[in-house]
>>> print(open('model.tsv').read())   # TSV, C-alpha atoms and all ligand atoms
chain	number	residue	atom	x	y	z
A	116	MET	CA	-96.77	16.03	47.57
A	117	SER	CA	-96.53	13.93	44.46
A	118	LEU	CA	-98.91	14.01	41.53
A	119	ARG	CA	-101.62	11.36	41.79
A	120	ILE	CA	-102.89	10.04	38.46
A	121	ASP	CA	-105.96	7.80	38.49
A	122	VAL	CA	-107.03	6.01	35.34
A	123	LEU	CA	-110.50	4.57	34.89
A	124	THR	CA	-110.47	1.95	32.14
A	125	LEU	CA	-111.81	-1.39	30.91
A	126	PHE	CA	-108.24	-2.43	30.06
A	127	PRO	CA	-105.95	-1.65	33.02
A	128	GLU	CA	-103.53	-4.34	31.81
A	129	MET	CA	-102.59	-2.15	28.84
A	130	PHE	CA	-100.90	0.36	31.15
A	131	GLY	CA	-98.39	-1.86	32.96
A	132	PRO	CA	-95.72	-2.02	30.26
A	133	ILE	CA	-95.82	1.72	29.56
A	134	LEU	CA	-95.95	2.99	33.13
A	135	GLY	CA	-93.34	0.39	34.09
A	136	THR	CA	-90.75	1.53	31.55
A	137	SER	CA	-88.32	4.41	31.15
A	138	ILE	CA	-89.25	7.88	32.41
A	139	PRO	CA	-92.81	7.08	33.62
A	140	LYS	CA	-91.33	4.26	35.70
A	141	ARG	CA	-88.43	6.31	37.02
A	142	ALA	CA	-90.68	9.23	37.97
A	143	ALA	CA	-92.83	6.89	40.07
A	144	ALA	CA	-89.75	5.29	41.65
A	145	LYS	CA	-88.53	8.79	42.61
A	146	GLY	CA	-91.89	9.52	44.25
A	147	LEU	CA	-92.81	12.29	41.79
A	148	VAL	CA	-95.99	10.54	40.63
A	149	GLU	CA	-98.31	7.73	41.71
A	150	TYR	CA	-100.42	5.73	39.26
A	151	HIS	CA	-103.70	4.15	40.30
A	152	LEU	CA	-105.64	2.00	37.84
A	153	THR	CA	-109.31	1.22	38.31
A	154	GLN	CA	-111.31	-1.36	36.37
A	155	LEU	CA	-114.61	0.22	35.29
A	156	ARG	CA	-116.30	-3.20	35.05
A	157	ASP	CA	-115.92	-3.66	38.81
A	158	PHE	CA	-118.71	-1.10	39.19
A	159	ALA	CA	-121.24	-2.98	37.06
A	160	THR	CA	-124.24	-4.18	39.05
A	161	ASP	CA	-125.89	-6.71	36.73
A	162	ASN	CA	-125.02	-10.34	36.09
A	163	HIS	CA	-123.43	-9.54	32.75
A	164	LYS	CA	-121.16	-6.89	34.27
A	165	SER	CA	-122.44	-4.38	31.70
A	166	VAL	CA	-120.77	-1.03	31.25
A	167	ASP	CA	-122.49	-0.11	27.98
A	168	ASP	CA	-125.91	-0.38	26.33
A	169	ARG	CA	-127.66	0.29	23.02
A	170	PRO	CA	-128.31	3.92	22.08
A	171	PHE	CA	-131.80	5.38	22.50
A	172	GLY	CA	-133.11	6.30	19.05
A	173	GLY	CA	-131.19	3.48	17.41
A	174	GLY	CA	-127.93	3.55	15.52
A	175	PRO	CA	-124.78	1.48	15.43
A	176	GLY	CA	-122.58	0.51	18.33
A	177	MET	CA	-122.92	0.74	22.05
A	178	VAL	CA	-122.82	3.66	24.46
A	179	MET	CA	-120.96	3.81	27.79
A	180	MET	CA	-123.64	3.98	30.46
A	181	CYS	CA	-124.00	6.47	33.31
A	182	GLN	CA	-124.23	4.31	36.43
A	183	THR	CA	-120.88	2.49	36.25
A	184	MET	CA	-119.09	5.67	35.27
A	185	PHE	CA	-120.56	7.88	38.02
A	186	ASP	CA	-120.11	5.19	40.69
A	187	ALA	CA	-116.50	4.56	39.66
A	188	VAL	CA	-115.59	8.25	39.55
A	189	GLU	CA	-117.12	8.85	42.98
A	190	HIS	CA	-115.31	5.80	44.39
A	191	ILE	CA	-111.95	6.90	42.98
A	192	GLU	CA	-112.33	10.49	44.10
A	193	ALA	CA	-113.17	9.42	47.67
A	194	GLN	CA	-109.76	7.73	47.94
A	195	ASP	CA	-107.95	11.06	48.32
A	196	PRO	CA	-109.19	14.37	49.70
A	197	ARG	CA	-107.52	16.43	46.96
A	198	PRO	CA	-110.01	17.34	44.23
A	199	ALA	CA	-109.19	15.64	40.92
A	200	THR	CA	-109.04	17.31	37.54
A	201	ARG	CA	-111.30	15.02	35.50
A	202	ILE	CA	-110.15	14.35	31.96
A	203	LEU	CA	-112.12	12.37	29.42
A	204	LEU	CA	-110.09	11.04	26.49
A	205	THR	CA	-112.19	11.43	23.37
A	206	PRO	CA	-111.64	12.40	19.74
A	207	GLN	CA	-114.24	15.14	20.34
A	208	GLY	CA	-111.93	16.90	22.78
A	209	ARG	CA	-109.50	19.73	22.33
A	210	VAL	CA	-106.30	18.43	20.77
A	211	LEU	CA	-103.51	17.96	23.32
A	212	ASP	CA	-100.54	20.29	22.93
A	213	GLN	CA	-97.42	21.06	24.95
A	214	ALA	CA	-99.00	24.06	26.72
A	215	THR	CA	-101.83	21.83	27.97
A	216	ALA	CA	-99.37	19.17	29.15
A	217	GLU	CA	-97.44	21.88	31.03
A	218	GLU	CA	-100.61	23.18	32.64
A	219	LEU	CA	-101.70	19.68	33.73
A	220	ALA	CA	-98.24	18.88	35.11
A	221	LYS	CA	-98.86	21.61	37.74
A	222	ARG	CA	-102.01	19.95	39.14
A	223	ASP	CA	-101.76	17.56	42.08
A	224	ARG	CA	-104.44	15.08	41.07
A	225	LEU	CA	-105.68	13.91	37.68
A	226	LEU	CA	-108.43	11.41	36.88
A	227	LEU	CA	-108.18	10.10	33.33
A	228	ILE	CA	-111.25	8.39	31.91
A	229	ALA	CA	-110.71	6.14	28.90
A	230	GLY	CA	-113.83	5.27	26.96
A	231	HIS	CA	-114.70	2.58	24.46
A	232	TYR	CA	-117.47	1.76	22.01
A	233	GLU	CA	-119.39	4.45	20.12
A	234	GLY	CA	-119.12	7.01	22.87
A	235	PHE	CA	-120.41	8.14	26.24
A	236	ASP	CA	-123.96	8.79	27.40
A	237	GLU	CA	-124.03	12.59	27.15
A	238	ARG	CA	-125.09	12.85	30.80
A	239	ILE	CA	-121.64	11.57	31.79
A	240	ILE	CA	-120.17	14.65	30.15
A	241	ASP	CA	-122.87	16.97	31.50
A	242	GLY	CA	-122.79	15.53	35.01
A	243	LEU	CA	-119.06	14.97	35.54
A	244	ALA	CA	-118.05	18.05	33.52
A	245	PRO	CA	-114.64	16.64	32.59
A	246	MET	CA	-112.07	18.38	30.47
A	247	GLU	CA	-112.32	16.61	27.09
A	248	LEU	CA	-108.98	15.89	25.44
A	249	SER	CA	-108.02	14.26	22.16
A	250	VAL	CA	-104.54	13.18	21.12
A	251	GLY	CA	-105.18	13.94	17.46
A	252	ASP	CA	-107.76	14.05	14.72
A	253	TYR	CA	-108.07	10.32	14.15
A	254	VAL	CA	-110.08	7.67	15.93
A	255	LEU	CA	-108.47	5.09	18.22
A	256	SER	CA	-110.21	1.93	19.39
A	257	GLY	CA	-110.37	3.36	22.88
A	258	GLY	CA	-109.03	6.07	25.15
A	259	GLU	CA	-106.26	3.94	26.71
A	260	LEU	CA	-103.48	4.77	24.26
A	261	ALA	CA	-104.53	8.41	24.41
A	262	ALA	CA	-104.38	8.32	28.22
A	263	MET	CA	-100.87	6.86	28.05
A	264	VAL	CA	-99.76	9.54	25.60
A	265	LEU	CA	-101.09	12.17	27.99
A	266	ILE	CA	-99.45	10.58	31.04
A	267	ASP	CA	-96.08	10.38	29.30
A	268	ALA	CA	-96.24	13.99	28.11
A	269	ILE	CA	-97.11	15.19	31.64
A	270	VAL	CA	-94.81	13.03	33.75
A	271	ARG	CA	-91.63	13.97	31.91
A	272	LEU	CA	-92.36	17.60	32.81
A	273	LEU	CA	-92.43	16.98	36.57
A	274	PRO	CA	-89.41	18.62	38.20
A	275	GLY	CA	-86.73	15.95	38.62
A	276	ALA	CA	-88.27	13.46	36.18
A	277	LEU	CA	-85.63	13.92	33.52
A	278	GLY	CA	-81.99	13.27	34.29
A	279	ALA	CA	-79.36	15.60	32.88
A	280	ALA	CA	-78.86	13.09	30.09
A	281	ASP	CA	-82.47	13.34	28.94
A	282	GLY	CA	-82.50	17.03	28.02
A	283	ALA	CA	-85.67	19.11	28.21
A	284	ALA	CA	-85.31	22.86	28.18
A	285	ASP	CA	-84.30	23.47	24.57
A	286	GLU	CA	-86.32	20.76	22.91
A	287	THR	CA	-89.11	21.01	20.39
A	288	PHE	CA	-92.07	23.19	21.49
A	289	ALA	CA	-90.25	24.79	24.44
A	290	ASP	CA	-90.69	28.07	22.53
A	291	GLY	CA	-92.86	27.03	19.58
A	292	LEU	CA	-90.03	25.98	17.27
A	293	ILE	CA	-88.94	22.45	16.42
A	294	GLU	CA	-85.51	21.05	17.27
A	295	TYR	CA	-82.26	21.84	15.49
A	296	PRO	CA	-80.62	18.85	13.76
A	297	GLN	CA	-78.32	16.72	15.89
A	298	TYR	CA	-75.29	14.63	14.98
A	299	THR	CA	-72.98	12.24	16.77
A	300	ARG	CA	-69.87	10.31	15.74
A	301	PRO	CA	-68.58	9.56	13.16
A	302	LYS	CA	-67.94	12.86	11.36
A	303	VAL	CA	-68.54	11.21	7.99
A	304	TYR	CA	-70.98	8.35	7.46
A	305	ARG	CA	-71.65	7.00	3.94
A	306	ASP	CA	-70.32	10.23	2.46
A	307	MET	CA	-72.67	12.34	4.62
A	308	GLU	CA	-70.78	14.92	6.65
A	309	VAL	CA	-71.56	16.58	9.95
A	310	PRO	CA	-71.94	20.37	9.39
A	311	PRO	CA	-68.45	21.84	9.95
A	312	VAL	CA	-69.72	24.58	12.31
A	313	LEU	CA	-70.50	21.89	14.92
A	314	ILE	CA	-66.94	20.62	14.90
A	315	GLY	CA	-65.26	24.05	15.08
A	316	GLY	CA	-65.84	24.58	18.81
A	317	ASN	CA	-67.11	28.17	18.43
A	318	HIS	CA	-70.05	28.12	20.81
A	319	ALA	CA	-71.56	31.45	19.77
A	320	LYS	CA	-71.49	30.37	16.13
A	321	ILE	CA	-73.00	27.00	17.01
A	322	ALA	CA	-75.85	28.66	18.94
A	323	GLN	CA	-76.50	31.02	16.03
A	324	TRP	CA	-76.50	28.16	13.51
A	325	ARG	CA	-78.84	26.09	15.65
A	326	GLN	CA	-81.34	28.91	16.04
A	327	ALA	CA	-81.30	29.55	12.27
A	328	GLN	CA	-81.85	25.81	11.67
A	329	ARG	CA	-84.78	25.73	14.08
A	330	GLU	CA	-86.46	28.59	12.28
A	331	GLU	CA	-85.75	27.22	8.81
A	332	ARG	CA	-86.94	23.72	9.70
A	333	THR	CA	-90.08	24.98	11.41
A	334	LYS	CA	-90.94	27.00	8.27
A	335	THR	CA	-90.58	24.00	5.98
A	336	LYS	CA	-91.61	21.02	8.15
A	337	ARG	CA	-94.31	22.67	10.28
A	338	PRO	CA	-95.70	25.78	8.59
A	339	ASP	CA	-98.61	25.66	11.07
A	340	LEU	CA	-96.24	26.08	14.03
A	341	TRP	CA	-94.28	28.75	12.16
A	342	ALA	CA	-97.43	30.82	11.54
A	343	ALA	CA	-98.33	30.62	15.24
A	344	TYR	CA	-94.76	31.58	16.21
A	345	GLU	CA	-94.76	34.62	13.91
A	346	LYS	CA	-98.17	35.67	15.19
A	347	ARG	CA	-97.02	35.49	18.82
A	348	LYS	CA	-93.88	37.47	18.05
A	349	SER	CA	-95.89	40.26	16.43
A	350	LEU	CA	-98.17	40.72	19.46
B	1	LIG	N1	-110.42	7.79	21.88
B	1	LIG	C1	-110.54	7.39	20.61
B	1	LIG	N2	-109.84	8.17	19.78
B	1	LIG	C2	-109.24	9.11	20.57
B	1	LIG	C3	-108.37	10.20	20.31
B	1	LIG	N3	-107.97	10.51	19.08
B	1	LIG	N4	-107.96	10.94	21.35
B	1	LIG	C4	-108.38	10.66	22.61
B	1	LIG	N5	-109.19	9.64	22.90
B	1	LIG	C5	-109.61	8.87	21.90
>>> encode(input="model.tsv", output="structure tokens")
Amino acid sequence: MSLRIDVLTLFPEMFGPILGTSIPKRAAAKGLVEYHLTQLRDFATDNHKSVDDRPFGGGPGMVMMCQTMFDAVEHIEAQDPRPATRILLTPQGRVLDQATAEELAKRDRLLLIAGHYEGFDERIIDGLAPMELSVGDYVLSGGELAAMVLIDAIVRLLPGALGAADGAADETFADGLIEYPQYTRPKVYRDMEVPPVLIGGNHAKIAQWRQAQREERTKTKRPDLWAAYEKRKSL
């Protein structure tokens, strides 16, 4: 059974180019994943097709309202008997990492909710009890780009999504370290040389050099990841 990903959004047209390109496209063509986009505004009941309203108590901006959101979620979930893992994209959420992407790639149904405006009526969060995820500590104009980041990170982990040419197992984050440096032809470019160990053909030496590079580069480029790596090793 393939992974079903539903997205609830005011801007479904943003997703076409991303889901229709490269690995997300190929994974769908191979039957590993299905994408279903739903327009939140279709669930508005007034003449203005409202999905948001002014906040009680005053303050700037608009708030996503309960009725359209609950009706849309219930409508989407009724389309398939498998229970969906509900995910709300919001800068208030836990920051997405590789372990979370791996965990979500094992589910069989995800419902991604992309918000807009100042935020959601808190009863949406209380009533739908979604997992709240952020893609980083900065504010986007809406949850759509965040949803696409999440979809891409998940879909490439589905068994069979990556061809042999794409590489996956020994890439950054597989074990908490970043990638070793890579080179391709030519051996010398503008006086910059490829490290001689890579040209020597000694595979044990190459593996040793690469591991040392991963550790060194993690220490200098990502001291936060290095600290977590050291902590895990000492447990
Ligand atoms: N919506 C707005 N900003 C966001 C972020 N950083 N992550 C997820 N959803 C968002």
>>> atom_distance(input="model.tsv", atom1="atom CA of A:Met129", atom2="atom CA of A:Arg169")
25.9 Å
>>> residues_near_point(input="model.tsv", point="(-96.8, 3.5, 29.1)", cutoff="10 Å", atoms="only C-alpha atoms", output="list of chain:residue names")
A:Met129, A:Phe130, A:Gly131, A:Pro132, A:Ile133, A:Leu134, A:Gly135, A:Thr136, A:Ser137, A:Ile138, A:Pro139, A:Lys140, A:Glu259, A:Leu260, A:Ala262, A:Met263, A:Val264, A:Leu265, A:Ile266, A:Asp267
>>> closest_residue(input="model.tsv", among="A:Asp161, A:Asp168, A:Glu247, A:Glu330", to="ligand LIG 1 (chain B)", atoms="all atoms listed in the file")
A:Glu247
>>> residues_around(input="model.tsv", residues="stretch 176-180 of chain A", least_positions_apart="6", cutoff="12 Å", atoms="all atoms listed in the file", output="PyMOL selection string")
chain A and resi 124-125+155-156+158-160+164-170+186-187+228-240+257
>>> closest_residue(input="model.tsv", among="A:Glu308, A:Asp339, A:Asp252, A:Glu189", to="ligand LIG 1 (chain B)", atoms="only C-alpha atoms and all ligand atoms")
A:Asp252
>>> residues_near_ligand(input="model.tsv", ligand="ligand LIG 1 (chain B)", cutoff="6 Å", atoms="only C-alpha atoms and all ligand atoms", output="number ranges by chain")
A: 204-206, 248-258, 261
>>> write_last_selection(input="model.tsv", atoms="C-alpha atoms", output="PDB file, in the frame of the given file")
ATOM      1  CA  LEU A 204    -110.090  11.040  26.490  1.00  0.00           C
ATOM      2  CA  THR A 205    -112.190  11.430  23.370  1.00  0.00           C
ATOM      3  CA  PRO A 206    -111.640  12.400  19.740  1.00  0.00           C
ATOM      4  CA  LEU A 248    -108.980  15.890  25.440  1.00  0.00           C
ATOM      5  CA  SER A 249    -108.020  14.260  22.160  1.00  0.00           C
ATOM      6  CA  VAL A 250    -104.540  13.180  21.120  1.00  0.00           C
ATOM      7  CA  GLY A 251    -105.180  13.940  17.460  1.00  0.00           C
ATOM      8  CA  ASP A 252    -107.760  14.050  14.720  1.00  0.00           C
ATOM      9  CA  TYR A 253    -108.070  10.320  14.150  1.00  0.00           C
ATOM     10  CA  VAL A 254    -110.080   7.670  15.930  1.00  0.00           C
ATOM     11  CA  LEU A 255    -108.470   5.090  18.220  1.00  0.00           C
ATOM     12  CA  SER A 256    -110.210   1.930  19.390  1.00  0.00           C
ATOM     13  CA  GLY A 257    -110.370   3.360  22.880  1.00  0.00           C
ATOM     14  CA  GLY A 258    -109.030   6.070  25.150  1.00  0.00           C
ATOM     15  CA  ALA A 261    -104.530   8.410  24.410  1.00  0.00           C
TER      16      ALA A 261
END
>>> atom_distance(input="model.tsv", atom1="atom CA of A:Gln297", atom2="atom CA of A:Leu219")
29.6 Å
